[in-house]
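With TSV, C-alpha atoms and all ligand atoms inside, this is coords.tsv:
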```tsv
chain	number	residue	atom	x	y	z
A	252	MET	CA	-2.69	-5.97	-11.92
A	253	LYS	CA	0.96	-6.91	-11.66
A	254	ARG	CA	2.97	-5.30	-8.88
A	255	ALA	CA	6.67	-4.54	-8.67
A	256	TYR	CA	9.25	-2.56	-6.75
A	257	LEU	CA	11.66	-0.84	-9.10
A	258	THR	CA	15.27	-0.82	-7.93
A	259	ILE	CA	17.94	1.02	-9.91
A	260	ASP	CA	21.59	0.23	-9.26
A	261	ASP	CA	24.74	2.25	-9.88
A	262	SER	CA	23.37	5.78	-9.38
A	263	PRO	CA	24.21	8.56	-9.89
A	264	SER	CA	25.14	8.91	-13.55
A	265	LYS	CA	25.37	11.70	-16.07
A	266	HIS	CA	21.68	11.11	-16.90
A	267	THR	CA	20.21	10.61	-13.41
A	268	ASP	CA	18.30	13.89	-13.65
A	269	GLU	CA	16.68	12.84	-16.94
A	270	LEU	CA	15.99	9.35	-15.63
A	271	THR	CA	14.31	10.56	-12.45
A	272	ASP	CA	12.35	13.22	-14.36
A	273	PHE	CA	11.12	10.48	-16.70
A	274	LEU	CA	10.08	8.24	-13.78
A	275	VAL	CA	8.26	11.14	-12.10
A	276	SER	CA	6.42	11.86	-15.38
A	277	LYS	CA	5.25	8.23	-15.38
A	278	ASN	CA	4.40	8.25	-11.69
A	279	VAL	CA	6.90	5.43	-11.05
A	280	PRO	CA	8.58	5.35	-7.63
A	281	ALA	CA	12.00	3.71	-7.31
A	282	VAL	CA	14.84	2.99	-4.94
A	283	LEU	CA	18.20	4.19	-6.28
A	284	PHE	CA	21.17	2.18	-5.04
A	285	ALA	CA	23.97	4.73	-5.04
A	286	ARG	CA	27.69	4.11	-5.32
A	287	GLY	CA	29.71	6.31	-2.98
A	288	ALA	CA	32.42	6.92	-5.57
A	289	PHE	CA	29.83	8.19	-8.03
A	290	MET	CA	28.36	10.51	-5.39
A	291	ASP	CA	31.86	11.90	-4.79
A	292	ALA	CA	32.54	12.48	-8.50
A	293	ASP	CA	31.41	15.35	-10.74
A	294	GLU	CA	27.92	16.54	-9.81
A	295	GLY	CA	27.00	13.18	-8.32
A	296	PHE	CA	26.15	14.39	-4.83
A	297	THR	CA	23.92	17.17	-6.18
A	298	LYS	CA	22.09	14.67	-8.41
A	299	ILE	CA	21.35	12.43	-5.44
A	300	VAL	CA	20.08	15.40	-3.40
A	301	ARG	CA	17.84	16.32	-6.35
A	302	ALA	CA	16.51	12.72	-6.57
A	303	ILE	CA	15.69	12.79	-2.85
A	304	GLU	CA	13.82	16.07	-3.30
A	305	LYS	CA	11.80	14.42	-6.08
A	306	GLY	CA	10.71	11.62	-3.77
A	307	PHE	CA	13.10	8.79	-4.62
A	308	THR	CA	14.57	6.58	-1.92
A	309	ILE	CA	18.36	6.44	-1.87
A	310	ALA	CA	19.97	3.21	-0.76
A	311	ASN	CA	23.56	2.03	-0.37
A	312	HIS	CA	25.50	0.12	-3.06
A	313	SER	CA	28.92	0.44	-1.36
A	314	TYR	CA	31.65	2.81	-2.53
A	315	ALA	CA	33.88	1.44	-5.30
A	316	HIS	CA	31.62	-1.41	-6.51
A	317	GLU	CA	34.05	-4.14	-5.57
A	318	ARG	CA	33.41	-7.83	-4.98
A	319	THR	CA	32.99	-8.73	-1.33
A	320	SER	CA	34.52	-12.20	-1.80
A	321	GLU	CA	37.68	-10.54	-3.13
A	322	ILE	CA	38.12	-7.54	-0.83
A	323	GLY	CA	36.92	-9.04	2.46
A	324	PHE	CA	35.09	-7.88	5.57
A	325	GLU	CA	37.06	-4.83	6.74
A	326	ASN	CA	37.33	-3.27	3.31
A	327	GLN	CA	33.71	-3.80	2.28
A	328	THR	CA	32.16	-2.71	5.57
A	329	GLY	CA	34.39	0.38	5.53
A	330	GLN	CA	33.16	1.22	2.05
A	331	ILE	CA	29.54	0.72	3.08
A	332	LEU	CA	29.92	3.15	6.00
A	333	ARG	CA	31.71	5.71	3.84
A	334	THR	CA	28.83	5.59	1.36
A	335	GLN	CA	26.22	5.76	4.11
A	336	ASN	CA	27.80	8.97	5.40
A	337	LEU	CA	27.35	10.49	1.95
A	338	ILE	CA	23.75	9.33	1.74
A	339	ASP	CA	22.96	10.68	5.23
A	340	ARG	CA	24.52	14.02	4.25
A	341	ALA	CA	22.45	14.11	1.07
A	342	TYR	CA	19.23	13.64	3.06
A	343	ASP	CA	20.31	16.41	5.44
A	344	GLU	CA	21.04	18.70	2.52
A	345	ALA	CA	17.63	17.95	1.00
A	346	GLY	CA	16.03	18.64	4.38
A	347	ILE	CA	14.19	15.35	4.29
A	348	ALA	CA	14.10	12.76	7.07
A	349	ARG	CA	16.41	9.82	6.46
A	350	PRO	CA	14.68	6.56	5.56
A	351	PRO	CA	15.82	3.21	6.96
A	352	ARG	CA	19.20	2.03	5.67
A	353	TYR	CA	18.96	-0.38	2.74
A	354	PHE	CA	21.97	-2.02	1.11
A	355	ARG	CA	22.65	-4.06	-2.02
A	356	PHE	CA	25.98	-5.78	-2.67
A	357	PRO	CA	27.93	-4.77	-5.78
A	358	HIS	CA	27.71	-7.59	-8.35
A	359	LEU	CA	25.36	-9.31	-5.85
A	360	ASP	CA	28.57	-10.75	-4.39
A	361	ARG	CA	27.42	-11.31	-0.80
A	362	GLY	CA	30.72	-12.89	0.24
A	363	CYS	CA	30.70	-16.12	-1.75
A	364	GLY	CA	31.17	-14.76	-5.26
A	365	ASN	CA	28.42	-13.69	-7.63
A	366	ALA	CA	27.71	-17.23	-8.81
A	367	PHE	CA	26.68	-18.27	-5.28
A	368	PRO	CA	24.72	-15.35	-3.80
A	369	ILE	CA	22.64	-17.79	-1.76
A	370	ASN	CA	22.76	-21.43	-0.84
A	371	PHE	CA	20.68	-22.74	-3.73
A	372	GLU	CA	19.97	-25.90	-1.77
A	373	THR	CA	17.57	-23.90	0.40
A	374	VAL	CA	15.38	-23.44	-2.68
A	375	PRO	CA	12.84	-26.20	-3.32
A	376	ASN	CA	14.00	-28.57	-6.05
A	377	GLU	CA	11.40	-27.66	-8.61
A	378	TYR	CA	12.40	-23.98	-8.56
A	379	ARG	CA	16.16	-24.34	-8.20
A	380	ASP	CA	16.96	-24.22	-11.89
A	381	TYR	CA	14.92	-21.05	-12.31
A	382	VAL	CA	16.54	-19.31	-9.32
A	383	GLN	CA	20.04	-20.29	-10.42
A	384	HIS	CA	19.39	-18.77	-13.82
A	385	LEU	CA	18.02	-15.61	-12.23
A	386	PHE	CA	21.46	-15.05	-10.69
A	387	TRP	CA	23.62	-16.75	-13.31
A	388	ASP	CA	22.27	-14.64	-16.15
A	389	GLY	CA	25.29	-12.43	-16.70
A	390	VAL	CA	27.84	-14.43	-14.71
A	391	ARG	CA	30.78	-16.15	-16.39
A	392	LEU	CA	30.33	-19.49	-14.67
A	393	GLU	CA	33.39	-21.24	-16.04
A	394	THR	CA	35.60	-19.40	-13.56
A	395	LYS	CA	33.37	-19.95	-10.53
A	396	THR	CA	33.95	-22.45	-7.76
A	397	PRO	CA	31.62	-23.24	-4.85
A	398	PRO	CA	32.09	-21.13	-1.72
A	399	THR	CA	34.79	-22.03	0.77
A	400	PRO	CA	34.11	-22.22	4.52
A	401	GLY	CA	35.87	-18.86	4.85
A	402	GLN	CA	33.56	-17.28	2.28
A	403	LEU	CA	30.49	-18.71	3.99
A	404	LYS	CA	31.68	-17.20	7.25
A	405	LEU	CA	32.30	-13.87	5.49
A	406	LYS	CA	28.73	-13.90	4.15
A	407	ASN	CA	27.31	-14.54	7.63
A	408	ASP	CA	29.62	-12.01	9.29
A	409	ILE	CA	28.52	-9.23	6.94
A	410	GLN	CA	24.85	-10.04	7.49
A	411	SER	CA	25.43	-9.67	11.25
A	412	TRP	CA	27.40	-6.48	10.70
A	413	LEU	CA	24.62	-4.99	8.57
A	414	ALA	CA	22.05	-5.77	11.24
A	415	GLY	CA	24.30	-4.27	13.91
A	416	ASN	CA	24.84	-1.08	11.93
A	417	GLY	CA	21.23	-0.11	11.36
A	418	PHE	CA	20.64	-1.76	8.00
A	419	VAL	CA	17.26	-3.39	7.52
A	420	LYS	CA	15.64	-5.51	4.90
A	421	MET	CA	13.61	-3.56	2.35
A	422	PRO	CA	9.97	-4.08	3.36
A	423	THR	CA	8.44	-6.14	0.56
A	424	PRO	CA	5.85	-8.23	2.42
A	425	ASP	CA	3.75	-8.89	-0.68
A	426	ILE	CA	6.36	-11.08	-2.33
A	427	THR	CA	4.88	-14.55	-2.08
A	428	LEU	CA	6.89	-16.40	-4.73
A	429	PRO	CA	7.39	-20.06	-3.79
A	430	TRP	CA	11.17	-19.75	-4.20
A	431	TRP	CA	11.35	-16.55	-2.11
A	432	THR	CA	9.30	-17.40	0.94
A	433	GLY	CA	11.32	-19.40	3.46
A	434	THR	CA	14.59	-19.25	1.50
A	435	GLU	CA	17.73	-17.18	1.96
A	436	LEU	CA	16.23	-14.65	-0.45
A	437	GLU	CA	13.59	-13.79	2.11
A	438	THR	CA	15.88	-13.83	5.16
A	439	ALA	CA	18.71	-11.72	3.66
A	440	ILE	CA	19.11	-8.27	5.22
A	441	ASP	CA	20.58	-6.89	2.02
A	442	ALA	CA	18.31	-6.05	-0.90
A	443	MET	CA	17.76	-9.01	-3.20
A	444	ILE	CA	15.97	-9.21	-6.54
A	445	THR	CA	13.30	-11.39	-8.08
A	446	PHE	CA	13.86	-10.30	-11.70
A	447	SER	CA	16.74	-8.77	-13.63
A	448	THR	CA	15.97	-6.84	-16.78
A	449	SER	CA	19.53	-7.46	-18.06
A	450	ASP	CA	19.44	-3.89	-19.40
A	451	TRP	CA	23.20	-3.54	-18.97
A	452	MET	CA	23.77	-6.24	-21.59
A	453	LEU	CA	22.75	-3.70	-24.23
A	454	SER	CA	25.12	-0.99	-23.02
A	455	PRO	CA	27.83	-0.05	-25.54
A	456	ARG	CA	30.50	-1.86	-23.53
A	457	HIS	CA	28.60	-5.17	-23.44
A	458	VAL	CA	26.26	-5.33	-26.42
A	459	GLY	CA	26.74	-8.47	-28.54
A	460	LYS	CA	28.54	-10.44	-25.82
A	461	TRP	CA	25.43	-11.86	-24.11
A	462	PRO	CA	22.27	-13.60	-25.38
A	463	PRO	CA	19.98	-10.52	-25.27
A	464	LYS	CA	21.15	-8.38	-28.18
A	465	THR	CA	18.20	-6.13	-28.97
A	466	ALA	CA	15.55	-4.14	-27.13
A	467	LYS	CA	13.02	-6.76	-28.23
A	468	ASP	CA	15.08	-9.53	-26.60
A	469	LEU	CA	14.72	-7.67	-23.30
A	470	THR	CA	10.96	-7.14	-23.63
A	471	ASP	CA	10.58	-10.81	-24.69
A	472	LYS	CA	12.41	-11.78	-21.50
A	473	ILE	CA	9.84	-9.79	-19.49
A	474	ASP	CA	6.88	-11.21	-21.42
A	475	ASN	CA	8.02	-14.83	-21.23
A	476	ASP	CA	9.11	-15.03	-17.61
A	477	PRO	CA	6.96	-17.63	-15.83
A	478	PHE	CA	6.93	-15.85	-12.46
A	479	LEU	CA	7.21	-12.14	-13.26
A	480	ASN	CA	3.78	-12.06	-14.88
A	481	ARG	CA	1.99	-13.77	-12.03
A	482	GLU	CA	-0.36	-11.45	-10.17
A	483	ASP	CA	-0.32	-13.31	-6.84
A	484	SER	CA	3.06	-11.89	-5.86
A	485	ALA	CA	4.93	-8.62	-6.09
A	486	HIS	CA	8.44	-8.53	-7.54
A	487	ILE	CA	11.72	-6.68	-7.08
A	488	ILE	CA	12.96	-5.61	-10.49
A	489	LEU	CA	16.61	-4.72	-11.06
A	490	MET	CA	17.53	-2.04	-13.59
A	491	HIS	CA	20.52	0.29	-13.86
A	492	ASP	CA	21.24	3.97	-13.95
A	493	ASP	CA	22.60	5.31	-17.17
A	494	ARG	CA	26.33	5.09	-16.77
A	495	GLU	CA	26.73	3.70	-20.28
A	496	ASP	CA	24.05	5.41	-22.34
A	497	LEU	CA	21.24	3.18	-21.17
A	498	LEU	CA	18.62	5.91	-20.84
A	499	THR	CA	16.64	5.03	-23.98
A	500	ILE	CA	16.71	1.33	-23.12
A	501	THR	CA	15.57	2.06	-19.56
A	502	GLU	CA	12.72	4.29	-20.73
A	503	ASN	CA	11.57	1.67	-23.24
A	504	LEU	CA	11.57	-1.03	-20.58
A	505	VAL	CA	9.66	1.06	-18.05
A	506	ASN	CA	7.09	1.90	-20.74
A	507	HIS	CA	6.85	-1.78	-21.58
A	508	TYR	CA	6.14	-2.69	-17.95
A	509	LEU	CA	3.48	0.00	-17.72
A	510	ASN	CA	1.88	-1.15	-20.98
A	511	SER	CA	1.95	-4.73	-19.63
A	512	ASN	CA	-0.24	-3.78	-16.67
A	513	PHE	CA	2.49	-3.43	-14.05
A	514	THR	CA	2.03	-1.02	-11.16
A	515	PHE	CA	5.17	0.12	-9.38
A	516	LEU	CA	4.94	0.21	-5.59
A	517	LYS	CA	6.68	2.60	-3.24
A	518	ILE	CA	9.00	1.07	-0.65
B	1	ZN	ZN	26.02	-2.35	-9.34
```
Show this structure as structure tokens.
Ligand SMILES: [Zn+2]
Amino acid sequence: MKRAYLTIDDSPSKHTDELTDFLVSKNVPAVLFARGAFMDADEGFTKIVRAIEKGFTIANHSYAHERTSEIGFENQTGQILRTQNLIDRAYDEAGIARPPRYFRFPHLDRGCGNAFPINFETVPNEYRDYVQHLFWDGVRLETKTPPTPGQLKLKNDIQSWLAGNGFVKMPTPDITLPWWTGTELETAIDAMITFSTSDWMLSPRHVGKWPPKTAKDLTDKIDNDPFLNREDSAHIILMHDDREDLLTITENLVNHYLNSNFTFLKI
């Protein structure tokens, strides 16, 4: 049996109700990382309350989905708090006790740009190439430069701020991957990933611009990953809410995981 935690970024969307109904029908728990701006728009807040009532965990994905390395400490921490207020209100409205605070950085930009989410040198040599590609899949590397001392300080400062403001690491003790244990991936307070489905690459805005171009390319990526299919560790899988007509793709991928003997764990 393969085990995974399903994390869904960029909620809510116009199809969050359908997405969560689908997941409930498949008995798949998930953590939805909500953007504050999306909760404030349209029926977004109501959709998040509804997802809470259906048993999903709502986590924080900041407000306007901006890059930490570009907007800096004050701006990003302000956006995180603004979003957390919305999430706390949604739990109150649902009448359900608030869970611990979990946070994931927009674009996985933790302060040093999305090409350098962690110090890759902390990863053992034999796994470094794999881990770099986990994060570089979907990053335009030609414009990226290594982090400056100021960016490294920003990354550390926000980790301290998160810890000081009640944010905790998502409890995923059964991840035992050799490139997770003992590296910055394991010590980060913010929510990291161990596999990206790259579902967004098939959204109307992006399709054709990246190597995966069909639904089969995405299921091949799942089937051929050397670590995802190992049964001696759980995984944190990244998918996305349906802001760009991804619902069919998402449903296909979840069905593929279930047909491939994955069990989704509740955080
Ligand atoms: Zn996002």
Residue with smallest distance to A:Phe289 - pool A:Leu257, A:Leu270, A:Leu392, A:Leu337, counting only C-alpha atoms: A:Leu337
Hey, which residues come within 10 Å of ligand ZN 1 (chain B) if we count all atoms listed in the file? Could you give them as a list in words? Ile259, Asp260, Asp261, Ser262, Phe284, Ala285, Arg286, His312, Ser313, Ala315, His316, Glu317, Arg355, Phe356, Pro357, His358, Leu359, Leu489, Met490, His491 and Asp492 of chain A
One decimal, in Å: what's the spacing between atom CA of A:Lys404 and atom CA of A:Phe324?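 Going from atom CA of A:Lys404 over to atom CA of A:Phe324, I get 10.1 Å.
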What's the 10 Å shell around A:Tyr353, counting all atoms listed in the file, without same-chain residues fewer than 3 positions away, as number ranges by chain? A: 282, 284, 308-312, 335, 350, 413, 417-422, 440-442
Print the selection's residues with C-alpha atoms to a file, as a PDB file, keeping the file's coordinate frame.
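Result file is again24.pdb:
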```pdb
ATOM      1  CA  VAL A 282      14.840   2.990  -4.940  1.00  0.00           C
ATOM      2  CA  PHE A 284      21.170   2.180  -5.040  1.00  0.00           C
ATOM      3  CA  THR A 308      14.570   6.580  -1.920  1.00  0.00           C
ATOM      4  CA  ILE A 309      18.360   6.440  -1.870  1.00  0.00           C
ATOM      5  CA  ALA A 310      19.970   3.210  -0.760  1.00  0.00           C
ATOM      6  CA  ASN A 311      23.560   2.030  -0.370  1.00  0.00           C
ATOM      7  CA  HIS A 312      25.500   0.120  -3.060  1.00  0.00           C
ATOM      8  CA  GLN A 335      26.220   5.760   4.110  1.00  0.00           C
ATOM      9  CA  PRO A 350      14.680   6.560   5.560  1.00  0.00           C
ATOM     10  CA  LEU A 413      24.620  -4.990   8.570  1.00  0.00           C
ATOM     11  CA  GLY A 417      21.230  -0.110  11.360  1.00  0.00           C
ATOM     12  CA  PHE A 418      20.640  -1.760   8.000  1.00  0.00           C
ATOM     13  CA  VAL A 419      17.260  -3.390   7.520  1.00  0.00           C
ATOM     14  CA  LYS A 420      15.640  -5.510   4.900  1.00  0.00           C
ATOM     15  CA  MET A 421      13.610  -3.560   2.350  1.00  0.00           C
ATOM     16  CA  PRO A 422       9.970  -4.080   3.360  1.00  0.00           C
ATOM     17  CA  ILE A 440      19.110  -8.270   5.220  1.00  0.00           C
ATOM     18  CA  ASP A 441      20.580  -6.890   2.020  1.00  0.00           C
ATOM     19  CA  ALA A 442      18.310  -6.050  -0.900  1.00  0.00           C
TER      20      ALA A 442
END
```
Using all atoms listed in the file, which of A:Asp471, A:Glu321, A:Asp272, A:Asp388 sits nearest A:Lys305?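 Closest to A:Lys305, using all atoms listed in the file: A:Asp272.
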Nearby residues, (26.2, -16.1, -10.7) file frame, 7 Å, only C-alpha atoms, as a list in words: Asn365, Ala366, Phe367, Phe386, Trp387, Asp388, Val390 and Leu392 of chain A
Skipping near chain neighbours, those fewer than 2 positions away, what residues fall within 6 Å of A:Ser264 using all atoms listed in the file, listed as a short mmCIF file (atom, residue, chain, number, x, y, z; two decimals) with C-alpha atoms, in the coordinates of the input?
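Okay, this is what ended up in selection35.cif:
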```
data_model
loop_
_atom_site.label_atom_id
_atom_site.label_comp_id
_atom_site.auth_asym_id
_atom_site.auth_seq_id
_atom_site.Cartn_x
_atom_site.Cartn_y
_atom_site.Cartn_z
CA SER A 262 23.37 5.78 -9.38
CA HIS A 266 21.68 11.11 -16.90
CA THR A 267 20.21 10.61 -13.41
CA ASP A 493 22.60 5.31 -17.17
CA ARG A 494 26.33 5.09 -16.77
#
```
Residue with smallest distance to A:Ala292 - pool A:Val374, A:Trp430, A:Leu469, A:Tyr314, counting only C-alpha atoms: A:Tyr314
Point out the residue among A:Thr334, A:Thr399, A:Thr328, A:Asn512 with the least atom-to-atom distance to A:Asp474, counting all atoms listed in the file.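 Going through A:Thr334, A:Thr399, A:Thr328, A:Asn512 one by one, the smallest distance to A:Asp474 is for A:Asn512.
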Between A:Trp451, A:Phe513, A:Phe371, A:Trp412, which is the closest to A:Glu435 once you count all atoms listed in the file?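 The answer is A:Phe371, which sits nearest to A:Glu435.
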Selected residue of minimal separation from A:Ser454 among A:Lys298, A:Asn416, A:Thr499, A:Gly323, counting all atoms listed in the file: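 Ranking A:Lys298, A:Asn416, A:Thr499, A:Gly323 by distance to A:Ser454, first place goes to A:Thr499.
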Mind checking which residues fall within 12 Å of A:Lys467, counting all atoms listed in the file, ignoring those fewer than 6 positions away in the same chain, and posting them as a tab-separated table (two decimals) with C-alpha atoms, in the coordinates of the input?
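The new file out-v5.tsv reads:
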```tsv
chain	number	residue	atom	x	y	z
A	448	THR	CA	15.97	-6.84	-16.78
A	450	ASP	CA	19.44	-3.89	-19.40
A	453	LEU	CA	22.75	-3.70	-24.23
A	473	ILE	CA	9.84	-9.79	-19.49
A	474	ASP	CA	6.88	-11.21	-21.42
A	475	ASN	CA	8.02	-14.83	-21.23
A	500	ILE	CA	16.71	1.33	-23.12
A	503	ASN	CA	11.57	1.67	-23.24
A	504	LEU	CA	11.57	-1.03	-20.58
A	507	HIS	CA	6.85	-1.78	-21.58
```
